[in-house]
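Structure data follow from protein23.txt (compact mmCIF, C-alpha atoms):
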# COMPACT_ATOMS: atom_id res chain seq x y z
CA MET A 1 -39.06 -24.66 45.60
CA SER A 2 -37.47 -25.86 42.43
CA GLU A 3 -34.18 -27.56 42.59
CA ILE A 4 -31.32 -25.90 40.68
CA VAL A 5 -29.37 -28.45 38.75
CA PRO A 6 -25.76 -27.36 38.34
CA GLN A 7 -24.38 -27.33 34.77
CA SER A 8 -21.61 -29.74 34.31
CA PRO A 9 -18.52 -28.19 32.56
CA LYS A 10 -17.86 -29.13 28.97
CA PRO A 11 -14.98 -31.45 28.49
CA ASP A 12 -11.67 -29.92 27.30
CA CYS A 13 -11.79 -32.02 24.20
CA VAL A 14 -14.98 -30.25 23.03
CA LEU A 15 -13.39 -26.80 23.48
CA GLY A 16 -10.33 -27.92 21.55
CA MET A 17 -12.45 -29.13 18.65
CA ALA A 18 -14.17 -25.73 18.43
CA ALA A 19 -10.88 -23.81 18.59
CA VAL A 20 -9.05 -25.80 15.95
CA PRO A 21 -11.13 -24.66 12.93
CA ARG A 22 -10.84 -21.01 13.96
CA ASN A 23 -7.07 -21.28 14.22
CA ARG A 24 -6.88 -22.94 10.88
CA VAL A 25 -8.96 -20.18 9.28
CA LYS A 26 -6.71 -17.53 10.79
CA ASN A 27 -3.58 -19.29 9.57
CA LEU A 28 -5.08 -19.78 6.11
CA ALA A 29 -6.05 -16.11 5.92
CA LYS A 30 -2.55 -15.06 6.92
CA LEU A 31 -1.08 -17.41 4.32
CA CYS A 32 -3.35 -16.05 1.57
CA ALA A 33 -2.57 -12.45 2.52
CA SER A 34 1.16 -13.18 2.45
CA PHE A 35 0.82 -14.89 -0.91
CA LEU A 36 -1.17 -12.01 -2.42
CA LEU A 37 1.28 -9.44 -1.06
CA GLY A 38 4.20 -11.38 -2.50
CA ALA A 39 2.44 -11.71 -5.85
CA VAL A 40 1.76 -7.96 -6.01
CA LEU A 41 5.35 -7.11 -5.11
CA SER A 42 6.70 -9.62 -7.64
CA ALA A 43 4.44 -8.25 -10.36
CA GLY A 44 5.60 -4.72 -9.56
CA VAL A 45 9.26 -5.72 -9.72
CA CYS A 46 8.73 -7.62 -12.99
CA PHE A 47 6.88 -4.67 -14.53
CA TYR A 48 9.66 -2.27 -13.50
CA PHE A 49 12.42 -4.36 -15.04
CA PHE A 50 10.32 -5.12 -18.13
CA SER A 51 9.71 -1.39 -18.66
CA ARG A 52 13.42 -0.66 -18.30
CA ALA A 53 14.29 -3.43 -20.77
CA LEU A 54 11.68 -2.14 -23.21
CA ARG A 55 13.01 1.42 -23.02
CA THR A 56 16.56 0.18 -23.45
CA ALA A 57 15.60 -1.91 -26.49
CA ALA A 58 13.76 1.03 -28.03
CA HIS A 59 16.74 3.29 -27.45
CA GLU A 60 19.11 0.77 -29.03
CA ALA A 61 16.84 0.30 -32.04
CA GLN A 62 16.61 4.06 -32.53
CA SER A 63 20.38 4.40 -32.27
CA LEU A 64 20.75 1.78 -35.00
CA LEU A 65 18.23 3.33 -37.35
CA LEU A 66 18.68 7.00 -36.49
CA PRO A 67 22.24 7.57 -35.33
CA SER A 68 23.36 10.90 -33.92
CA LEU A 69 23.45 13.31 -36.83
CA PRO A 70 23.65 17.10 -37.15
CA THR A 71 20.29 18.81 -36.64
CA PRO A 72 19.72 19.64 -40.32
CA LEU A 73 20.07 15.93 -41.11
CA SER A 74 17.89 14.39 -38.46
CA ALA A 75 15.10 16.96 -38.01
CA PRO A 76 13.08 16.02 -41.13
CA THR A 77 13.05 12.37 -40.09
CA THR A 78 12.23 12.98 -36.44
CA ALA A 79 9.36 15.25 -37.50
CA LEU A 80 7.31 12.03 -37.49
CA LEU A 81 7.97 11.89 -33.75
CA PHE A 82 6.63 15.45 -33.28
CA ALA A 83 10.04 17.07 -33.09
CA PRO A 84 10.28 20.73 -34.14
CA LEU A 85 10.25 21.13 -37.89
CA PRO A 86 13.14 22.93 -39.60
CA ASN A 87 12.53 25.75 -42.03
CA GLY A 88 11.19 24.65 -45.36
CA VAL A 89 9.74 21.30 -44.22
CA PRO A 90 5.96 21.07 -44.65
CA ASP A 91 4.02 20.37 -41.45
CA THR A 92 2.02 17.24 -42.28
CA ARG A 93 2.01 15.65 -38.85
CA ASN A 94 -1.71 16.26 -38.18
CA ILE A 95 -2.92 14.37 -41.21
CA GLY A 96 -3.97 10.73 -41.43
CA PRO A 97 -1.93 7.93 -42.99
CA THR A 98 0.67 9.03 -45.51
CA SER A 99 -0.92 7.15 -48.38
CA ALA A 100 -4.32 8.71 -47.71
CA ALA A 101 -2.83 12.18 -47.49
CA ALA A 102 -0.91 11.76 -50.70
CA SER A 103 -3.95 10.53 -52.60
CA SER A 104 -6.28 13.24 -51.25
CA ALA A 105 -3.89 16.13 -51.89
CA ALA A 106 -1.75 15.00 -54.79
CA PRO A 107 0.21 17.92 -56.26
CA ALA A 108 -0.11 18.82 -59.91
CA LEU A 109 2.52 17.13 -62.02
CA SER A 110 5.08 19.18 -63.83
CA THR A 111 4.23 19.37 -67.53
CA THR A 112 7.68 20.53 -68.59
CA GLU A 113 9.80 17.81 -70.14
CA VAL A 114 13.36 18.09 -68.88
CA SER A 115 16.34 16.37 -70.41
CA LEU A 116 18.70 15.02 -67.77
CA GLN A 117 21.86 16.39 -69.31
CA PRO A 118 25.20 15.06 -68.05
CA LYS A 119 27.28 17.49 -66.03
CA HIS A 120 29.97 17.39 -63.38
CA VAL A 121 29.18 18.72 -59.91
CA THR A 122 31.88 19.45 -57.34
CA GLU A 123 31.79 20.45 -53.70
CA ASN A 124 32.50 24.03 -54.72
CA ASP A 125 29.28 24.06 -56.75
CA GLY A 126 27.21 23.38 -53.63
CA GLN A 127 24.64 20.77 -52.67
CA CYS A 128 21.77 22.14 -54.75
CA ALA A 129 23.79 22.14 -57.99
CA LEU A 130 23.25 18.40 -58.30
CA LEU A 131 19.63 18.53 -59.48
CA THR A 132 17.31 21.33 -60.51
CA LYS A 133 13.77 21.41 -59.16
CA GLU A 134 12.52 20.65 -62.69
CA GLU A 135 14.74 17.60 -63.01
CA LEU A 136 13.78 16.25 -59.59
CA SER A 137 10.09 16.96 -60.29
CA GLN A 138 10.30 14.91 -63.47
CA ILE A 139 12.06 11.99 -61.77
CA LEU A 140 9.67 11.86 -58.80
CA GLY A 141 6.54 12.59 -60.81
CA THR A 142 5.58 15.67 -58.83
CA ASN A 143 5.88 19.46 -59.03
CA LEU A 144 8.57 20.95 -56.82
CA THR A 145 8.62 24.75 -56.83
CA GLU A 146 11.07 25.81 -54.09
CA VAL A 147 14.72 24.98 -53.46
CA THR A 148 16.58 25.86 -50.26
CA SER A 149 20.04 24.84 -49.14
CA ASP A 150 21.76 24.64 -45.78
CA SER A 151 25.19 23.65 -44.54
CA THR A 152 24.66 19.93 -45.15
CA GLY A 153 22.01 19.44 -47.79
CA CYS A 154 19.36 20.66 -50.18
CA ASN A 155 15.56 20.80 -49.69
CA TYR A 156 12.95 20.72 -52.46
CA LYS A 157 9.38 21.62 -51.72
CA GLY A 158 6.15 21.93 -53.66
CA SER A 159 2.51 22.61 -52.93
CA GLY A 160 0.39 19.98 -51.24
CA ARG A 161 0.93 17.84 -48.20
CA GLY A 162 4.13 15.86 -48.02
CA ASN A 163 5.49 17.24 -51.29
CA TRP A 164 9.04 17.52 -49.98
CA VAL A 165 12.36 15.78 -50.55
CA ARG A 166 15.92 16.29 -49.37
CA TYR A 167 19.36 14.96 -50.18
CA GLU A 168 22.76 15.34 -48.55
CA ILE A 169 26.05 14.68 -50.32
CA THR A 170 29.14 13.40 -48.52
CA TRP A 171 31.90 14.35 -50.95
CA LYS A 172 34.68 12.57 -49.05
CA GLY A 173 34.57 9.76 -46.51
CA GLY A 174 31.52 7.99 -47.96
CA ARG A 175 32.77 4.58 -46.90
CA GLU A 176 33.16 5.71 -43.32
CA SER A 177 29.77 7.46 -43.31
CA LEU A 178 28.02 4.20 -44.26
CA GLU A 179 30.00 2.05 -41.84
CA GLN A 180 27.39 2.48 -39.09
CA ARG A 181 24.58 1.47 -41.45
CA ARG A 182 26.58 -1.51 -42.67
CA SER A 183 27.32 -2.63 -39.10
CA ALA A 184 23.68 -2.19 -38.05
CA TYR A 185 22.49 -4.20 -41.04
CA GLU A 186 24.86 -7.09 -40.32
CA THR A 187 23.84 -7.13 -36.66
CA LEU A 188 20.12 -7.09 -37.43
CA LYS A 189 20.48 -9.73 -40.13
CA ARG A 190 21.90 -12.17 -37.57
CA ARG A 191 19.06 -11.55 -35.11
CA LEU A 192 15.93 -11.02 -37.19
CA ALA A 193 14.03 -12.74 -39.93
CA PRO A 194 14.22 -11.03 -43.35
CA THR A 195 10.58 -9.92 -43.08
CA ASP A 196 11.26 -8.22 -39.71
CA MET A 197 14.29 -6.22 -40.82
CA PRO A 198 13.89 -2.45 -40.13
CA LEU A 199 16.89 -1.75 -42.36
CA GLN A 200 17.00 -3.19 -45.88
CA LEU A 201 19.91 -3.71 -48.23
CA VAL A 202 18.96 -2.33 -51.66
CA PRO A 203 20.63 -4.17 -54.56
CA ASN A 204 21.91 -2.63 -57.80
CA LEU A 205 22.26 0.90 -56.43
CA GLY A 206 25.81 2.25 -56.36
CA ASP A 207 28.36 0.10 -54.57
CA GLU A 208 26.04 -0.33 -51.58
CA ALA A 209 22.70 1.09 -50.52
CA TYR A 210 20.43 0.82 -47.47
CA MET A 211 16.84 1.93 -46.92
CA THR A 212 15.36 2.62 -43.46
CA LEU A 213 11.72 2.30 -42.41
CA THR A 214 11.40 6.09 -42.46
CA GLY A 215 12.23 6.20 -46.19
CA THR A 216 15.83 7.39 -45.90
CA LEU A 217 17.99 5.92 -48.66
CA HIS A 218 21.76 5.83 -48.09
CA VAL A 219 23.83 5.15 -51.22
CA ARG A 220 27.59 4.98 -51.67
CA LYS A 221 29.69 4.77 -54.79
CA GLY A 222 33.42 4.84 -54.31
CA ASP A 223 34.12 7.27 -51.49
CA VAL A 224 31.10 9.48 -52.25
CA ALA A 225 27.80 8.95 -50.41
CA VAL A 226 24.39 10.53 -50.83
CA LEU A 227 21.51 10.42 -48.36
CA PHE A 228 18.10 10.75 -50.06
CA ASN A 229 15.26 11.57 -47.68
CA LEU A 230 12.29 10.06 -49.54
CA MET A 231 9.99 9.84 -46.53
CA TRP A 232 7.06 11.15 -48.60
CA PHE A 233 7.96 9.11 -51.71
CA GLN A 234 8.30 5.62 -50.24
CA GLY A 235 6.08 4.22 -52.99
CA LEU A 236 8.47 5.42 -55.69
CA PRO A 237 8.88 2.73 -58.39
CA VAL A 238 12.21 0.94 -58.49
CA GLU A 239 13.08 2.30 -61.93
CA LYS A 240 12.47 5.87 -60.72
CA THR A 241 14.64 5.33 -57.65
CA LYS A 242 17.40 3.91 -59.84
CA LEU A 243 17.09 6.84 -62.24
CA LEU A 244 17.45 9.28 -59.35
CA VAL A 245 20.53 7.54 -57.94
CA ASP A 246 22.20 6.94 -61.30
CA THR A 247 21.67 10.54 -62.39
CA ALA A 248 23.10 11.87 -59.14
CA PHE A 249 26.23 9.73 -59.12
CA ALA A 250 26.89 10.22 -62.83
CA ARG A 251 27.29 13.93 -62.00
CA LEU A 252 29.44 13.32 -58.94
CA GLU A 253 32.03 11.14 -60.61
Let me see the structure of the file written as structure tokens.
Amino acid sequence: MSEIVPQSPKPDCVLGMAAVPRNRVKNLAKLCASFLLGAVLSAGVCFYFFSRALRTAAHEAQSLLLPSLPTPLSAPTTALLFAPLPNGVPDTRNIGPTSAAASSAAPALSTTEVSLQPKHVTENDGQCALLTKEELSQILGTNLTEVTSDSTGCNYKGSGRGNWVRYEITWKGGRESLEQRRSAYETLKRRLAPTDMPLQLVPNLGDEAYMTLTGTLHVRKGDVAVLFNLMWFQGLPVEKTKLLVDTAFARLE
């Protein structure tokens, strides 16, 4: 009969040594999980506030460049943002870059030479009395065939993509109408480098003139102001732009 040798119990110190690593692993796992959870929550909070700040900055920038204006004024500009197009504005939003569209579908130039005769235009004459479609075609180097007016301005349209221009005359209160542009320009000039400016001061046009990134030219002379929407003619040579402005204000004086 074999003798059964009783197993001697392991010392407590051996059990403690085996338990310590497991406890450390559990604690380390809990610490890592807490750290990861905190990192995810922090990232979520940061993303939320960053998104809010970005939306606020975008809204402020839009309010500087595109202030609240009557619908006939702002709709042609906001057409680039897929807003509804007003009557008479060509739908060119589904084309490629503006320069490519203009080069691929350039309208025929007007062959009629027009003399820009001096004349005096008053508010009673209406917005579209300032320039005929032939005169504006000659200045811009295009062929505008339709003229339509509304309560605040005059639209000129021709065949081809983007062959459209508009102006709006402020007969009285021109200084006040440009105050917001002037204030926006001064604010941006203090904050941004000249190359980053979304609103540019244009020299030698009237008493003051500003051009936005969307091709809207605001010019004031005395207390009369004219907004020229040249969104499809942003490559217009300086001498042509000056001819357009000088001709307009010579007739408004």
Expected answer as a CSV table (one decimal) with C-alpha atoms, in the coordinates of the input: all residues with atoms within 12 Å of (6.9, 6.3, -52.3), all atoms listed in the file:
chain,number,residue,atom,x,y,z
A,98,THR,CA,0.7,9.0,-45.5
A,99,SER,CA,-0.9,7.2,-48.4
A,102,ALA,CA,-0.9,11.8,-50.7
A,103,SER,CA,-4.0,10.5,-52.6
A,140,LEU,CA,9.7,11.9,-58.8
A,141,GLY,CA,6.5,12.6,-60.8
A,142,THR,CA,5.6,15.7,-58.8
A,162,GLY,CA,4.1,15.9,-48.0
A,163,ASN,CA,5.5,17.2,-51.3
A,164,TRP,CA,9.0,17.5,-50.0
A,165,VAL,CA,12.4,15.8,-50.6
A,213,LEU,CA,11.7,2.3,-42.4
A,214,THR,CA,11.4,6.1,-42.5
A,215,GLY,CA,12.2,6.2,-46.2
A,216,THR,CA,15.8,7.4,-45.9
A,217,LEU,CA,18.0,5.9,-48.7
A,229,ASN,CA,15.3,11.6,-47.7
A,230,LEU,CA,12.3,10.1,-49.5
A,231,MET,CA,10.0,9.8,-46.5
A,232,TRP,CA,7.1,11.2,-48.6
A,233,PHE,CA,8.0,9.1,-51.7
A,234,GLN,CA,8.3,5.6,-50.2
A,235,GLY,CA,6.1,4.2,-53.0
A,236,LEU,CA,8.5,5.4,-55.7
A,237,PRO,CA,8.9,2.7,-58.4
A,238,VAL,CA,12.2,0.9,-58.5
A,240,LYS,CA,12.5,5.9,-60.7
A,241,THR,CA,14.6,5.3,-57.6
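Between CA of Asp207 in chain A and CA of Lys221 in chain A the separation is 4.9 Å.
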Would you mind reading off the distance between CA of Tyr210 in chain A and CA of Tyr185 in chain A, one decimal, in Å?
-> 8.4 Å
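Distance-wise, CA of Gly126 in chain A and CA of Gln200 in chain A end up 29.5 Å apart.
Neighbours of range 170-173 of chain A closer than or equal to 8 Å, with all atoms listed in the file counted and sequence neighbours fewer than 6 positions away skipped, come out as Glu123, Asp223, Val224, Ala225 and Val226 of chain A.
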Residue among A:Glu168, A:Ser177, A:Leu131, A:Ala39 lying closest to Lys119 in chain A, counting all atoms listed in the file = A:Leu131
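Considering the residues A:Arg24, A:Arg175, A:Arg166, A:Lys157 and counting only C-alpha atoms, Leu130 in chain A has its shortest atom-to-atom contact with A:Arg166.
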If we count only C-alpha atoms, what is near range 146-148 of chain A at a cut-off of 12 Å, once residues fewer than 5 positions away on the same chain are taken out, given as a VMD selection string?
-> chain A and resid 86 to 90 126 to 134 136 to 137 153 to 159 163 to 167
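Between Gln180 in chain A and the candidates A:Leu205, A:His218, A:Asp196, A:Asn27, the tightest atom-to-atom separation, counting all atoms listed in the file, involves A:His218.
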